[in-house]
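Q: I have a structure I would like to understand better, so I am pasting it below and will then ask my questions one at a time.
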Amino acid sequence: AMLQQLDPFTNYISEVQIENYRLVYEGKYNGMGVRAKKMGDYVTITEVYRGYPADVAGIRVGDQILAVNGLDGKGKESEDLFQIMRGMPRSSVVLTIARPGEQGSLQLTLERDEVNIPNVPYSGMVSDSVGYILLTTFTENAGKNVREAFKKLRSANPSLNAMILDLR
């Protein structure tokens, strides 16, 4: 009712939309620190960010999410589960996972935190004169982070004369 009285240029932005905005534009979100995608019937962990709640709890790449806070994960899309897994820092979420090669399931309680996804997760030399920079997310600090990685490579490797910029 309150929104109906506002001008036509005013929009309601939900908490989920705010989190999505922060992830896309700032590379930040409140959650566990994982990347995952649906593989078969379950969402499977494809990347774990070091030092964040999932890493601290021992979650590994390949773990399948069977349930989140008791909600069955079978047939769910990754975004459906991420909406539940994201939340206020210091709040907890309970994951039930299946680990490849192990019998049964594991139940882990994680405390959410603010996760900062690095724009440049890796940079290094591929030969004596060729550098490599991996840019995975395009947030407002992406250019600055690439420049810093390049300067660091150049100062440590004076023979640098070519650069591979991986944008995959």
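Following the order of the structure tokens, chains are lettered A, B, ..., residues in each are numbered from 1, and ligands are numbered from 1.
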Write down as a PyMOL selection string the residues belonging to chain A that are assigned strand (DSSP E or B) by DSSP computed on the backbone.
A: chain A and resi 28-31+34-39+42-48+64-68+71-72+92-98+106-111+113-116+122-125+130-134+162-166
Q: Excluding Asn119 of chain A and residues on its chain fewer than 4 positions from it, collect all residues at most 10 Å away from it, counting only C-alpha atoms, and give them as a ChimeraX atom specification.
A: /A:26-27,134-146
Q: Using only N, CA, C and O atoms, please write the residues we just selected to a file, as a PDB file, in the first residue's frame.
A:
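Saved file result21.pdb follows:
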```pdb
ATOM      1  N   GLU A  26      30.276  -4.936  -6.683  1.00  0.00           N
ATOM      2  CA  GLU A  26      31.326  -4.769  -5.696  1.00  0.00           C
ATOM      3  C   GLU A  26      32.152  -6.031  -5.481  1.00  0.00           C
ATOM      4  O   GLU A  26      33.202  -5.988  -4.850  1.00  0.00           O
ATOM      5  N   GLY A  27      31.664  -7.188  -5.969  1.00  0.00           N
ATOM      6  CA  GLY A  27      32.366  -8.442  -5.733  1.00  0.00           C
ATOM      7  C   GLY A  27      32.248  -8.908  -4.299  1.00  0.00           C
ATOM      8  O   GLY A  27      33.088  -9.647  -3.810  1.00  0.00           O
ATOM      9  N   LEU A 134      44.889 -13.555 -14.514  1.00  0.00           N
ATOM     10  CA  LEU A 134      43.538 -14.098 -14.621  1.00  0.00           C
ATOM     11  C   LEU A 134      42.560 -13.092 -14.009  1.00  0.00           C
ATOM     12  O   LEU A 134      42.668 -12.767 -12.827  1.00  0.00           O
ATOM     13  N   LEU A 135      41.624 -12.603 -14.819  1.00  0.00           N
ATOM     14  CA  LEU A 135      40.585 -11.685 -14.359  1.00  0.00           C
ATOM     15  C   LEU A 135      39.253 -12.422 -14.449  1.00  0.00           C
ATOM     16  O   LEU A 135      38.809 -12.767 -15.538  1.00  0.00           O
ATOM     17  N   THR A 136      38.628 -12.680 -13.296  1.00  0.00           N
ATOM     18  CA  THR A 136      37.411 -13.507 -13.303  1.00  0.00           C
ATOM     19  C   THR A 136      36.127 -12.728 -13.101  1.00  0.00           C
ATOM     20  O   THR A 136      35.064 -13.194 -13.498  1.00  0.00           O
ATOM     21  N   THR A 137      36.184 -11.566 -12.439  1.00  0.00           N
ATOM     22  CA  THR A 137      34.975 -10.766 -12.223  1.00  0.00           C
ATOM     23  C   THR A 137      35.251  -9.324 -12.599  1.00  0.00           C
ATOM     24  O   THR A 137      36.350  -8.821 -12.416  1.00  0.00           O
ATOM     25  N   PHE A 138      34.247  -8.667 -13.133  1.00  0.00           N
ATOM     26  CA  PHE A 138      34.381  -7.290 -13.598  1.00  0.00           C
ATOM     27  C   PHE A 138      33.618  -6.361 -12.663  1.00  0.00           C
ATOM     28  O   PHE A 138      32.495  -5.978 -12.940  1.00  0.00           O
ATOM     29  N   THR A 139      34.235  -6.028 -11.540  1.00  0.00           N
ATOM     30  CA  THR A 139      33.629  -5.102 -10.593  1.00  0.00           C
ATOM     31  C   THR A 139      34.307  -3.740 -10.749  1.00  0.00           C
ATOM     32  O   THR A 139      35.205  -3.578 -11.576  1.00  0.00           O
ATOM     33  N   GLU A 140      33.885  -2.779  -9.936  1.00  0.00           N
ATOM     34  CA  GLU A 140      34.421  -1.437 -10.065  1.00  0.00           C
ATOM     35  C   GLU A 140      35.925  -1.356  -9.827  1.00  0.00           C
ATOM     36  O   GLU A 140      36.582  -0.443 -10.311  1.00  0.00           O
ATOM     37  N   ASN A 141      36.514  -2.302  -9.120  1.00  0.00           N
ATOM     38  CA  ASN A 141      37.954  -2.281  -8.844  1.00  0.00           C
ATOM     39  C   ASN A 141      38.760  -3.182  -9.776  1.00  0.00           C
ATOM     40  O   ASN A 141      39.957  -3.363  -9.563  1.00  0.00           O
ATOM     41  N   ALA A 142      38.141  -3.747 -10.797  1.00  0.00           N
ATOM     42  CA  ALA A 142      38.822  -4.701 -11.675  1.00  0.00           C
ATOM     43  C   ALA A 142      40.046  -4.077 -12.346  1.00  0.00           C
ATOM     44  O   ALA A 142      41.123  -4.667 -12.357  1.00  0.00           O
ATOM     45  N   GLY A 143      39.896  -2.896 -12.914  1.00  0.00           N
ATOM     46  CA  GLY A 143      41.016  -2.241 -13.588  1.00  0.00           C
ATOM     47  C   GLY A 143      42.181  -1.989 -12.648  1.00  0.00           C
ATOM     48  O   GLY A 143      43.346  -2.228 -12.982  1.00  0.00           O
ATOM     49  N   LYS A 144      41.879  -1.487 -11.473  1.00  0.00           N
ATOM     50  CA  LYS A 144      42.901  -1.208 -10.456  1.00  0.00           C
ATOM     51  C   LYS A 144      43.625  -2.495 -10.055  1.00  0.00           C
ATOM     52  O   LYS A 144      44.854  -2.521  -9.943  1.00  0.00           O
ATOM     53  N   ASN A 145      42.870  -3.589  -9.866  1.00  0.00           N
ATOM     54  CA  ASN A 145      43.481  -4.851  -9.449  1.00  0.00           C
ATOM     55  C   ASN A 145      44.359  -5.453 -10.545  1.00  0.00           C
ATOM     56  O   ASN A 145      45.412  -6.018 -10.256  1.00  0.00           O
ATOM     57  N   VAL A 146      43.945  -5.321 -11.808  1.00  0.00           N
ATOM     58  CA  VAL A 146      44.774  -5.798 -12.922  1.00  0.00           C
ATOM     59  C   VAL A 146      46.057  -4.972 -12.992  1.00  0.00           C
ATOM     60  O   VAL A 146      47.155  -5.507 -13.158  1.00  0.00           O
TER      61      VAL A 146
END
```
Q: Write out as a tab-separated table (two decimals) with C-alpha atoms, in the first residue's frame each polymer residue whose atoms come within 9 Å of Tyr52 of chain A, counting only C-alpha atoms; drop sequence neighbours fewer than 4 positions from it.
A:
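What landed in result_21.tsv:
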```tsv
chain	number	residue	atom	x	y	z
A	31	GLY	CA	27.43	-15.91	2.75
A	32	MET	CA	29.78	-18.89	2.85
A	33	GLY	CA	32.45	-18.30	0.20
A	34	VAL	CA	31.71	-20.93	-2.43
A	48	VAL	CA	35.89	-22.70	-2.34
A	56	VAL	CA	37.09	-23.03	7.51
A	57	ALA	CA	34.34	-25.68	7.85
A	112	ARG	CA	28.14	-16.61	7.44
A	113	ASP	CA	30.53	-13.76	6.80
A	114	GLU	CA	31.11	-11.01	4.24
A	115	VAL	CA	32.81	-12.60	1.24
```
Q: Taking a cut-off of 10 Å and counting only C-alpha atoms, can you build a table that, for each residue of segment 4-73 of chain A near segment 93-103 of chain A, reports the nearest atom pair and how far apart they are in Å (one decimal), sorted by chain then residue number, as JSON lines?
A:
```
{"residue": "A:Gly31", "atom": "CA", "partner": "A:Val93", "partner_atom": "CA", "distance": 9.1}
{"residue": "A:Met32", "atom": "CA", "partner": "A:Val93", "partner_atom": "CA", "distance": 8.9}
{"residue": "A:Tyr42", "atom": "CA", "partner": "A:Ala98", "partner_atom": "CA", "distance": 9.9}
{"residue": "A:Val43", "atom": "CA", "partner": "A:Ile97", "partner_atom": "CA", "distance": 9.9}
{"residue": "A:Thr44", "atom": "CA", "partner": "A:Ile97", "partner_atom": "CA", "distance": 9.3}
{"residue": "A:Ile45", "atom": "CA", "partner": "A:Ile97", "partner_atom": "CA", "distance": 9.9}
{"residue": "A:Ile59", "atom": "CA", "partner": "A:Ile97", "partner_atom": "CA", "distance": 8.7}
{"residue": "A:Arg60", "atom": "CA", "partner": "A:Arg99", "partner_atom": "CA", "distance": 8.1}
{"residue": "A:Val61", "atom": "CA", "partner": "A:Arg99", "partner_atom": "CA", "distance": 9.1}
{"residue": "A:Gly62", "atom": "CA", "partner": "A:Pro100", "partner_atom": "CA", "distance": 6.8}
{"residue": "A:Asp63", "atom": "CA", "partner": "A:Arg99", "partner_atom": "CA", "distance": 4.8}
{"residue": "A:Gln64", "atom": "CA", "partner": "A:Ala98", "partner_atom": "CA", "distance": 5.1}
{"residue": "A:Ile65", "atom": "CA", "partner": "A:Ile97", "partner_atom": "CA", "distance": 4.6}
{"residue": "A:Leu66", "atom": "CA", "partner": "A:Ile97", "partner_atom": "CA", "distance": 5.2}
{"residue": "A:Ala67", "atom": "CA", "partner": "A:Thr96", "partner_atom": "CA", "distance": 5.0}
{"residue": "A:Val68", "atom": "CA", "partner": "A:Leu95", "partner_atom": "CA", "distance": 4.8}
{"residue": "A:Asn69", "atom": "CA", "partner": "A:Val94", "partner_atom": "CA", "distance": 4.9}
{"residue": "A:Gly70", "atom": "CA", "partner": "A:Val94", "partner_atom": "CA", "distance": 7.5}
{"residue": "A:Leu71", "atom": "CA", "partner": "A:Leu95", "partner_atom": "CA", "distance": 9.4}
{"residue": "A:Asp72", "atom": "CA", "partner": "A:Thr96", "partner_atom": "CA", "distance": 9.2}
{"residue": "A:Gly73", "atom": "CA", "partner": "A:Thr96", "partner_atom": "CA", "distance": 9.1}
```
